[in-house]
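Each remark here refers to the structure printed beneath this line.
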Amino acid sequence: MKFGLAFEATIGWTKQRVRTGVPTSHASCQRLSFLQTHRRCRSSPSLSSHFMQRCLVIVSQIPRPALQDLGYVNGDVCKPFLRALTYKVNETADYFNAERVLAMGYSMGGFGAIQLGCWAPETYDAVISLAGYGMGTRAPTEISGAPQPKGRRVFEWYLDEYIPKLADVPIVWGVHSQSDGVSSFNDVRAIVDRVSETARRTRKRCNTRMIEVSADDANTDYPRKRRASASGHGYFNVTLLKDRSEHIFWEDLRTQLSRSAKRQRRRWDMPPEAENR
């Protein structure tokens, strides 16, 4: 039986190998890096090749909201979901003796990575937000569609209350294009800057970086005929999967991970409902 790189994390995953499709012979296999995505990741083998080792990918199934709901402005931090998912991430990483745990994602996945890193910074070796965003936005309504000044108020609240916690993560990077018309480059830059400022002030070791994707690459996910009028939010493949992604951030990420000390994680034997947070 081949090792399954991806599985559904929120559908009653247990430690019984037969139910997860993990054969007994893999119980003592080589250590794994452990990634989390917000949708089924058909690109798991490509991601593993960039890490130059085997990776386990956990997939959280999140109902897709209506775009007009603007949950990142009108909603709130979903603590029960973050608590349950963090428990599952730690449980799985402990079970497979994962070398590294990374929260990374594209667009809404970048938003999720930031939220998870803020919620449980001790869990992750790196938080990488690609084309992501935070709660609220400083972008004007005509660009973001978010009501102002509410969007700014929510963003400043999130920047003050949650983002400083990311300074406890060894690596926090934003990968974004200034041409992105869907999620704000300046919002993510403000997030990374706040993490960097907090790390300096509190003398914590956190490597922060804002990696800019060129305007020429910002629409490369779209067919050539559509690129001239596209939103600038189409750089998933060039940043994550294609050969050039090595030079954009993968090579530097591997180097930085090799320099970072291994996280000391406690065992996660306590069910999430028993935790007090």
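Residues are named by chain letter and number: chains run A, B, ... in the order of the structure tokens, numbers start at 1 in each chain, and ligands are numbered from 1 in the order shown.
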
Exercise for the section: Taking the chain letters and numbering used in this document, name the residues of range 29-256 of chain A that DSSP puts in alpha helix (DSSP H), as a PyMOL selection string. Expected result: chain A and resi 44-51+71-74+79-95+108-119+141-144+150-161+185-202+224-227+236-240+245+251-256

Report as JSON lines the residues of range 74-192 of chain A within 7 Å of range 207-212 of chain A, each with its shortest atom pair and distance in Å (one decimal), using only C-alpha atoms, ordered by chain and increasing residue number.
{"residue": "A:Pro170", "atom": "CA", "partner": "A:Asn207", "partner_atom": "CA", "distance": 6.0}
{"residue": "A:Ile171", "atom": "CA", "partner": "A:Asn207", "partner_atom": "CA", "distance": 4.7}
{"residue": "A:Val172", "atom": "CA", "partner": "A:Thr208", "partner_atom": "CA", "distance": 4.9}
{"residue": "A:Trp173", "atom": "CA", "partner": "A:Arg209", "partner_atom": "CA", "distance": 4.8}
{"residue": "A:Gly174", "atom": "CA", "partner": "A:Met210", "partner_atom": "CA", "distance": 4.8}
{"residue": "A:Val175", "atom": "CA", "partner": "A:Ile211", "partner_atom": "CA", "distance": 4.7}
{"residue": "A:His176", "atom": "CA", "partner": "A:Glu212", "partner_atom": "CA", "distance": 5.3}
{"residue": "A:Ser177", "atom": "CA", "partner": "A:Glu212", "partner_atom": "CA", "distance": 5.4}
{"residue": "A:Arg189", "atom": "CA", "partner": "A:Met210", "partner_atom": "CA", "distance": 6.5}
{"residue": "A:Val192", "atom": "CA", "partner": "A:Thr208", "partner_atom": "CA", "distance": 6.5}

Completion exercise
One decimal place gives the CA of Ala113 in chain A-CA of Lys262 in chain A separation as 19.9 Å

Exercise for the section: Just the residues within 12 Å of Val77 in chain A, please, counting only C-alpha atoms, with nothing from its chain fewer than 6 positions along; format it as number ranges by chain. Expected result: A: 71, 83, 111-112, 114-116, 118-119, 134-136, 154, 157-158, 161-162

Practice task
To one decimal in Å, tell me the separation between CA of Leu102 in chain A and CA of Val188 in chain A.
Solution key: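 Distance between the two atoms: 18.2 Å.
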
Handout entry: A:Tyr87, A:Tyr124, A:Phe249, A:Phe96 ranked by distance to Lys165 in chain A, top pick (using only C-alpha atoms)
Key =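 Of the candidates, the smallest distance to Lys165 in chain A is held by A:Tyr124.
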
Problem - For CA of Tyr106 in chain A and CA of Ser144 in chain A, the interatomic separation in Å (one decimal) - result: 17.5 Å
